[in-house]
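Peer 1: One file: input.cif (mmCIF, C-alpha atoms).
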```
data_input
#
loop_
_atom_site.group_PDB
_atom_site.id
_atom_site.type_symbol
_atom_site.label_atom_id
_atom_site.label_comp_id
_atom_site.auth_asym_id
_atom_site.auth_seq_id
_atom_site.Cartn_x
_atom_site.Cartn_y
_atom_site.Cartn_z
ATOM 1 C CA MET A 21 5.159 -6.750 -14.866
ATOM 2 C CA PRO A 22 2.131 -4.835 -16.173
ATOM 3 C CA PHE A 23 -1.038 -6.792 -16.836
ATOM 4 C CA ASP A 24 -4.438 -6.205 -18.418
ATOM 5 C CA VAL A 25 -7.856 -6.624 -16.816
ATOM 6 C CA SER A 26 -11.363 -6.298 -18.189
ATOM 7 C CA PRO A 27 -13.339 -3.034 -18.002
ATOM 8 C CA SER A 28 -15.716 -4.678 -15.524
ATOM 9 C CA ALA A 29 -12.946 -5.839 -13.173
ATOM 10 C CA ARG A 30 -13.258 -5.275 -9.435
ATOM 11 C CA LEU A 31 -10.167 -3.547 -8.064
ATOM 12 C CA LEU A 32 -9.736 -3.697 -4.293
ATOM 13 C CA PHE A 33 -7.259 -1.466 -2.460
ATOM 14 C CA GLN A 34 -6.175 -2.448 1.037
ATOM 15 C CA GLY A 35 -3.914 -0.800 3.568
ATOM 16 C CA ASP A 36 -3.666 1.907 6.205
ATOM 17 C CA SER A 37 -4.281 5.666 6.210
ATOM 18 C CA ILE A 38 -2.192 6.192 3.077
ATOM 19 C CA THR A 39 -4.739 4.136 1.195
ATOM 20 C CA ALA A 40 -7.789 5.263 3.191
ATOM 21 C CA ALA A 41 -6.919 8.927 2.621
ATOM 22 C CA GLY A 42 -10.025 10.214 4.349
ATOM 23 C CA ARG A 43 -12.501 7.725 2.902
ATOM 24 C CA ASP A 44 -15.862 7.477 4.657
ATOM 25 C CA PRO A 45 -15.927 4.015 6.308
ATOM 26 C CA ALA A 46 -19.728 4.143 6.394
ATOM 27 C CA ASP A 47 -19.828 4.434 2.599
ATOM 28 C CA GLY A 48 -18.637 1.302 0.826
ATOM 29 C CA LEU A 49 -18.102 3.264 -2.374
ATOM 30 C CA SER A 50 -16.044 6.071 -0.843
ATOM 31 C CA LEU A 51 -12.553 6.237 -2.373
ATOM 32 C CA GLY A 52 -11.090 8.994 -0.197
ATOM 33 C CA HIS A 53 -8.952 11.761 -1.664
ATOM 34 C CA GLY A 54 -5.662 9.927 -2.193
ATOM 35 C CA TYR A 55 -4.047 7.664 -4.760
ATOM 36 C CA VAL A 56 -7.075 5.342 -4.995
ATOM 37 C CA ALA A 57 -9.276 8.239 -6.104
ATOM 38 C CA ALA A 58 -6.512 9.356 -8.468
ATOM 39 C CA VAL A 59 -6.388 5.858 -9.991
ATOM 40 C CA ALA A 60 -10.128 6.071 -10.598
ATOM 41 C CA ARG A 61 -9.681 9.454 -12.293
ATOM 42 C CA HIS A 62 -6.895 8.119 -14.502
ATOM 43 C CA PHE A 63 -9.089 5.258 -15.691
ATOM 44 C CA ALA A 64 -12.133 7.478 -16.174
ATOM 45 C CA ALA A 65 -10.091 9.853 -18.339
ATOM 46 C CA SER A 66 -9.480 6.965 -20.749
ATOM 47 C CA GLY A 67 -13.109 5.858 -20.663
ATOM 48 C CA ALA A 68 -12.563 2.901 -18.336
ATOM 49 C CA THR A 69 -14.862 2.500 -15.338
ATOM 50 C CA PRO A 70 -13.874 -0.584 -13.351
ATOM 51 C CA ASP A 71 -15.452 -1.329 -9.984
ATOM 52 C CA ILE A 72 -13.012 0.236 -7.496
ATOM 53 C CA LEU A 73 -13.233 -0.389 -3.760
ATOM 54 C CA ASN A 74 -11.132 1.197 -1.028
ATOM 55 C CA ARG A 75 -10.891 -0.634 2.290
ATOM 56 C CA GLY A 76 -7.882 1.123 3.793
ATOM 57 C CA VAL A 77 -8.158 1.816 7.538
ATOM 58 C CA SER A 78 -6.131 4.500 9.289
ATOM 59 C CA GLY A 79 -3.561 3.258 11.764
ATOM 60 C CA HIS A 80 -3.685 -0.369 10.717
ATOM 61 C CA ARG A 81 -0.731 -2.696 10.751
ATOM 62 C CA THR A 82 -0.410 -5.998 8.993
ATOM 63 C CA ALA A 83 -1.844 -7.901 11.964
ATOM 64 C CA ASP A 84 -4.908 -5.625 11.897
ATOM 65 C CA LEU A 85 -5.547 -6.512 8.271
ATOM 66 C CA ARG A 86 -5.571 -10.188 9.184
ATOM 67 C CA VAL A 87 -8.357 -9.573 11.721
ATOM 68 C CA ARG A 88 -10.692 -8.055 9.134
ATOM 69 C CA TRP A 89 -9.403 -9.852 6.033
ATOM 70 C CA GLU A 90 -12.239 -12.301 5.447
ATOM 71 C CA ARG A 91 -14.865 -9.538 5.501
ATOM 72 C CA ASP A 92 -12.914 -6.749 3.846
ATOM 73 C CA ALA A 93 -10.965 -8.696 1.238
ATOM 74 C CA VAL A 94 -11.737 -12.372 0.675
ATOM 75 C CA ALA A 95 -15.537 -11.970 0.710
ATOM 76 C CA LEU A 96 -15.335 -9.152 -1.842
ATOM 77 C CA GLU A 97 -13.862 -11.507 -4.470
ATOM 78 C CA PRO A 98 -11.691 -8.919 -6.229
ATOM 79 C CA ASP A 99 -10.205 -9.445 -9.668
ATOM 80 C CA VAL A 100 -7.260 -7.311 -8.578
ATOM 81 C CA LEU A 101 -6.071 -6.915 -4.996
ATOM 82 C CA SER A 102 -3.641 -4.095 -4.209
ATOM 83 C CA VAL A 103 -1.941 -4.074 -0.812
ATOM 84 C CA LEU A 104 0.100 -1.276 0.763
ATOM 85 C CA ILE A 105 0.912 -2.012 4.400
ATOM 86 C CA GLY A 106 3.886 -1.838 6.723
ATOM 87 C CA VAL A 107 4.841 1.689 7.649
ATOM 88 C CA ASN A 108 2.769 1.577 10.849
ATOM 89 C CA ASP A 109 4.546 -1.645 11.796
ATOM 90 C CA THR A 110 7.698 0.492 11.724
ATOM 91 C CA TRP A 111 6.251 3.752 13.078
ATOM 92 C CA ARG A 112 4.827 2.232 16.256
ATOM 93 C CA ARG A 113 8.324 1.087 17.218
ATOM 94 C CA TYR A 114 9.446 4.711 17.355
ATOM 95 C CA ASP A 115 6.403 6.589 18.627
ATOM 96 C CA ALA A 116 4.857 3.989 20.943
ATOM 97 C CA GLN A 117 7.661 1.525 21.728
ATOM 98 C CA ASP A 118 5.436 -1.175 20.216
ATOM 99 C CA PRO A 119 7.535 -2.943 17.583
ATOM 100 C CA THR A 120 6.500 -5.600 15.100
ATOM 101 C CA SER A 121 9.303 -7.977 14.193
ATOM 102 C CA THR A 122 10.173 -8.476 10.551
ATOM 103 C CA ALA A 123 9.392 -12.172 10.980
ATOM 104 C CA ASP A 124 5.885 -11.437 12.277
ATOM 105 C CA TYR A 125 5.336 -8.930 9.488
ATOM 106 C CA ALA A 126 6.378 -11.506 6.878
ATOM 107 C CA ARG A 127 4.169 -14.193 8.437
ATOM 108 C CA ASP A 128 1.102 -11.956 8.632
ATOM 109 C CA TYR A 129 1.580 -10.519 5.142
ATOM 110 C CA ARG A 130 1.945 -13.990 3.645
ATOM 111 C CA GLU A 131 -1.264 -15.082 5.416
ATOM 112 C CA LEU A 132 -3.079 -12.216 3.700
ATOM 113 C CA LEU A 133 -2.068 -13.449 0.270
ATOM 114 C CA LEU A 134 -2.659 -17.185 0.702
ATOM 115 C CA PRO A 135 -6.478 -17.082 0.262
ATOM 116 C CA PHE A 136 -5.995 -15.608 -3.214
ATOM 117 C CA GLN A 137 -3.376 -18.063 -4.408
ATOM 118 C CA ALA A 138 -5.758 -20.251 -6.421
ATOM 119 C CA THR A 139 -8.580 -17.803 -7.145
ATOM 120 C CA GLY A 140 -7.320 -16.050 -10.268
ATOM 121 C CA THR A 141 -7.092 -12.734 -8.413
ATOM 122 C CA ARG A 142 -4.176 -10.658 -9.672
ATOM 123 C CA LEU A 143 -2.038 -9.137 -6.941
ATOM 124 C CA VAL A 144 -0.310 -5.769 -6.764
ATOM 125 C CA LEU A 145 2.057 -5.392 -3.824
ATOM 126 C CA VAL A 146 3.067 -1.814 -3.101
ATOM 127 C CA GLU A 147 6.247 -1.394 -1.080
ATOM 128 C CA PRO A 148 5.894 0.472 2.205
ATOM 129 C CA PHE A 149 7.875 3.678 1.992
ATOM 130 C CA LEU A 150 9.407 6.469 3.998
ATOM 131 C CA ILE A 151 10.385 9.919 2.747
ATOM 132 C CA PRO A 152 12.443 11.360 5.603
ATOM 133 C CA VAL A 153 11.548 14.972 6.369
ATOM 134 C CA ARG A 154 13.152 15.008 9.838
ATOM 135 C CA ARG A 155 16.680 13.905 10.617
ATOM 136 C CA GLU A 156 15.591 11.304 13.169
ATOM 137 C CA GLN A 157 13.461 9.559 10.547
ATOM 138 C CA TRP A 158 16.573 8.277 8.812
ATOM 139 C CA ALA A 159 16.948 5.849 11.732
ATOM 140 C CA TRP A 160 13.575 4.339 10.804
ATOM 141 C CA ARG A 161 15.132 2.831 7.702
ATOM 142 C CA GLN A 162 16.794 0.214 9.888
ATOM 143 C CA ASP A 163 13.324 -1.121 10.641
ATOM 144 C CA LEU A 164 11.559 -0.374 7.348
ATOM 145 C CA ASP A 165 14.099 -1.590 4.801
ATOM 146 C CA PRO A 166 13.802 -5.272 5.837
ATOM 147 C CA ARG A 167 10.033 -4.992 5.408
ATOM 148 C CA ILE A 168 10.508 -3.705 1.877
ATOM 149 C CA HIS A 169 12.597 -6.788 1.134
ATOM 150 C CA VAL A 170 9.811 -8.960 2.575
ATOM 151 C CA VAL A 171 7.344 -7.441 0.111
ATOM 152 C CA ARG A 172 9.751 -8.033 -2.770
ATOM 153 C CA ARG A 173 10.166 -11.685 -1.811
ATOM 154 C CA LEU A 174 6.411 -12.155 -1.468
ATOM 155 C CA ALA A 175 5.819 -10.553 -4.854
ATOM 156 C CA ALA A 176 8.164 -13.125 -6.376
ATOM 157 C CA GLU A 177 6.593 -16.010 -4.446
ATOM 158 C CA PHE A 178 3.012 -15.104 -5.380
ATOM 159 C CA ASP A 179 3.765 -13.867 -8.923
ATOM 160 C CA ALA A 180 2.433 -10.436 -7.977
ATOM 161 C CA ALA A 181 3.088 -7.135 -9.685
ATOM 162 C CA LEU A 182 5.495 -5.121 -7.542
ATOM 163 C CA LEU A 183 5.202 -1.354 -7.234
ATOM 164 C CA ALA A 184 8.596 -0.161 -5.968
ATOM 165 C CA ALA A 185 7.108 2.838 -4.199
ATOM 166 C CA ASP A 186 9.979 3.630 -1.834
ATOM 167 C CA GLY A 187 12.489 4.496 -4.513
ATOM 168 C CA LEU A 188 9.836 6.068 -6.726
ATOM 169 C CA LEU A 189 8.615 8.511 -4.094
ATOM 170 C CA ASN A 190 12.051 9.365 -2.751
ATOM 171 C CA GLN A 191 13.159 10.136 -6.299
ATOM 172 C CA ALA A 192 10.071 12.316 -6.734
ATOM 173 C CA ALA A 193 11.028 14.144 -3.528
ATOM 174 C CA ARG A 194 14.528 14.808 -4.835
ATOM 175 C CA GLU A 195 13.176 16.045 -8.151
ATOM 176 C CA ALA A 196 10.723 18.296 -6.331
ATOM 177 C CA GLY A 197 13.591 19.850 -4.398
ATOM 178 C CA ASP A 198 11.768 19.501 -1.081
ATOM 179 C CA PRO A 199 10.536 16.224 0.413
ATOM 180 C CA THR A 200 7.568 17.955 2.066
ATOM 181 C CA LEU A 201 6.113 18.522 -1.403
ATOM 182 C CA ILE A 202 5.630 14.760 -1.597
ATOM 183 C CA SER A 203 4.979 14.002 2.089
ATOM 184 C CA GLU A 204 4.579 16.561 4.846
ATOM 185 C CA ASP A 205 5.458 14.095 7.629
ATOM 186 C CA GLY A 206 7.504 11.502 5.754
ATOM 187 C CA VAL A 207 4.656 8.968 5.671
ATOM 188 C CA HIS A 208 1.398 10.511 4.481
ATOM 189 C CA LEU A 209 1.411 11.737 0.912
ATOM 190 C CA THR A 210 0.509 15.169 -0.365
ATOM 191 C CA SER A 211 -1.758 15.465 -3.397
ATOM 192 C CA ARG A 212 1.371 15.520 -5.535
ATOM 193 C CA GLY A 213 2.669 12.370 -3.876
ATOM 194 C CA HIS A 214 -0.633 10.575 -4.355
ATOM 195 C CA GLU A 215 -0.577 11.460 -8.057
ATOM 196 C CA VAL A 216 2.934 10.005 -8.406
ATOM 197 C CA LEU A 217 1.805 6.772 -6.785
ATOM 198 C CA ALA A 218 -1.391 6.590 -8.844
ATOM 199 C CA ALA A 219 0.481 7.106 -12.111
ATOM 200 C CA ALA A 220 2.814 4.234 -11.239
ATOM 201 C CA TRP A 221 -0.124 2.016 -10.243
ATOM 202 C CA THR A 222 -2.001 2.603 -13.495
ATOM 203 C CA GLY A 223 1.222 1.836 -15.330
ATOM 204 C CA LEU A 224 1.076 -1.669 -13.842
ATOM 205 C CA VAL A 225 -2.643 -2.380 -14.249
ATOM 206 C CA ARG A 226 -4.223 -1.612 -17.598
ATOM 207 C CA VAL A 227 -7.981 -1.666 -17.937
ATOM 208 C CA GLY A 228 -9.590 -2.060 -21.315
#
```
Since I need it in another form, could you write the structure as structure tokens?
Peer 2:
Amino acid sequence: MPFDVSPSARLLFQGDSITAAGRDPADGLSLGHGYVAAVARHFAASGATPDILNRGVSGHRTADLRVRWERDAVALEPDVLSVLIGVNDTWRRYDAQDPTSTADYARDYRELLLPFQATGTRLVLVEPFLIPVRREQWAWRQDLDPRIHVVRRLAAEFDAALLAADGLLNQAAREAGDPTLISEDGVHLTSRGHEVLAAAWTGLVRVG
């Protein structure tokens, strides 16, 4: 469900390269060029200027987030925490024969959320997604779909807002007539894809 936050709220975005989107890790204020930056533009267009932080790191899986979570999430004391993680947990099974079980994914993801359970931080959980652009990528759904269900269950458990990104972006790909207009490789979003995700995100979190 959508929720409102104050204009001075701190919004923290966490995840992998989809969230990082080229951000400069040496610059704590860098937002990259993806959906996080687009969210900031959407808010600025309406006169809202919340404190937005991007701590996405390219290549990270859920277990990697746990390693850096205290520094890059808990210590930042966000009013809103947005998490998009999971596609690398699937991808590494197929490109590096290094799988992450659904059970481990669920355990690690839940551990990320527990520190915020009694803090008043509002949570936004963004489903991991896949927009198949190659025939063999359809097989990935066997691994990814259970992770999507994990995120849905965790959203219910932690009373988090759920952004159903998988269906949203695949529908956008169908409407575009070519999935590569939304994601060139099935995982990383084009500018158009990032805008679709940002519009959905700002539909869930209203600042003002």
Peer 1: Spell out the residues picked by the PyMOL selection byres ((chain A and resi 82) around 12) here, as an MDAnalysis selection string.
Peer 2: chainID A and resid 34:36 76:81 83:89 103:110 120:133 148 167 171
Peer 1: What lies within 12 Å of A:Ala41 using only C-alpha atoms, ignoring chain neighbours under 6 positions off, as a PyMOL selection string?
Peer 2: chain A and resi 33-35+50-58+74-79+207-211+214
Peer 1: Just how far from atom CA of A:Ala29 is atom CA of A:Thr69, in Å to one decimal?
Peer 2: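 Separating atom CA of A:Thr69 from atom CA of A:Ala29 is a distance of 8.8 Å.
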Peer 1: Output the residue selection produced by the PyMOL selection byres ((chain A and resi 31) around 6) on the file above, formatted as an MDAnalysis selection string.
Peer 2: chainID A and resid 30 32 72 98 100
Peer 1: Could you write out that same residue set with C-alpha atoms as a PDB file, keeping the file's coordinate frame?
Peer 2:
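Writing the result to out11.pdb gives the following:
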```pdb
ATOM      1  CA  ARG A  30     -13.258  -5.275  -9.435  1.00  0.00           C
ATOM      2  CA  LEU A  32      -9.736  -3.697  -4.293  1.00  0.00           C
ATOM      3  CA  ILE A  72     -13.012   0.236  -7.496  1.00  0.00           C
ATOM      4  CA  PRO A  98     -11.691  -8.919  -6.229  1.00  0.00           C
ATOM      5  CA  VAL A 100      -7.260  -7.311  -8.578  1.00  0.00           C
TER       6      VAL A 100
END
```
Peer 1: Please indicate the distance in Å from atom CA of A:Val94 to atom CA of A:Ala64, rounded to one decimal place.
Peer 2: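 Atom-to-atom, atom CA of A:Val94 to atom CA of A:Ala64, that is 26.0 Å.
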Peer 1: Check which residues satisfy the PyMOL selection byres ((chain A and resi 183) around 12) in the file shown, then give them as a ChimeraX atom specification.
Peer 2: /A:21-22,102-104,143-149,168,171-172,175,180-182,184-189,216-225
Peer 1: Could you work out how far atom CA of A:Ser203 lies from atom CA of A:Ala60, giving the answer in Å with one decimal?
Peer 2: 21.3 Å
Peer 1: What box, with edges along x, y and z, holds each listed atom of stretch 187-194 of chain A when 4 Å is added on every side, and can you state its centre and edge lengths in Å to one decimal, as AutoDock Vina command-line options?
Peer 2:
```
--center_x 11.6 --center_y 9.7 --center_z -4.7 --size_x 13.9 --size_y 18.3 --size_z 12.0
```
Peer 1: Skipping near chain neighbours, those fewer than 4 positions away, what residues fall within 9 Å of A:Trp111 using all atoms listed in the file, listed as a list in words?
Peer 2: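 Contacts, with the query itself left out: Gly106, Val107, Asp115, Ala116, Asp118, Pro119, Trp160, Asp163 and Leu164 of chain A.
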Peer 1: Which polymer residues have any atom within 9 Å of an atom of A:Gly206, counting all atoms listed in the file, with same-chain residues fewer than 2 positions away left out, as a list of chain:residue names?
Peer 2: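 The contact residues come out as A:Phe149, A:Leu150, A:Ile151, A:Pro152, A:Val153, A:Arg154, A:Gln157, A:Pro199, A:Thr200, A:Ile202, A:Ser203, A:Glu204, A:His208, A:Leu209.
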Peer 1: For a quick check of understanding, using only C-alpha atoms, which of A:Ile38, A:His169, A:Phe178, A:Arg113 has the smallest distance to A:Ala138?
Peer 2: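 Nearest to A:Ala138: A:Phe178.
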Peer 1: In the coordinate frame of the file, compute which residues have an atom within 9 Å of (-10.6, -16.7, -9.7) when using all atoms listed in the file, and state them as a list of chain:residue names.
Peer 2: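 Those residues lying close to the given coordinates are A:Glu97, A:Pro98, A:Asp99, A:Phe136, A:Ala138, A:Thr139, A:Gly140, A:Thr141, A:Arg142.
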Peer 1: I'd like to know which of A:Asp92, A:Ala159, A:Leu101, A:Tyr114 is closest to A:Gln137, using only C-alpha atoms.
Peer 2: A:Leu101
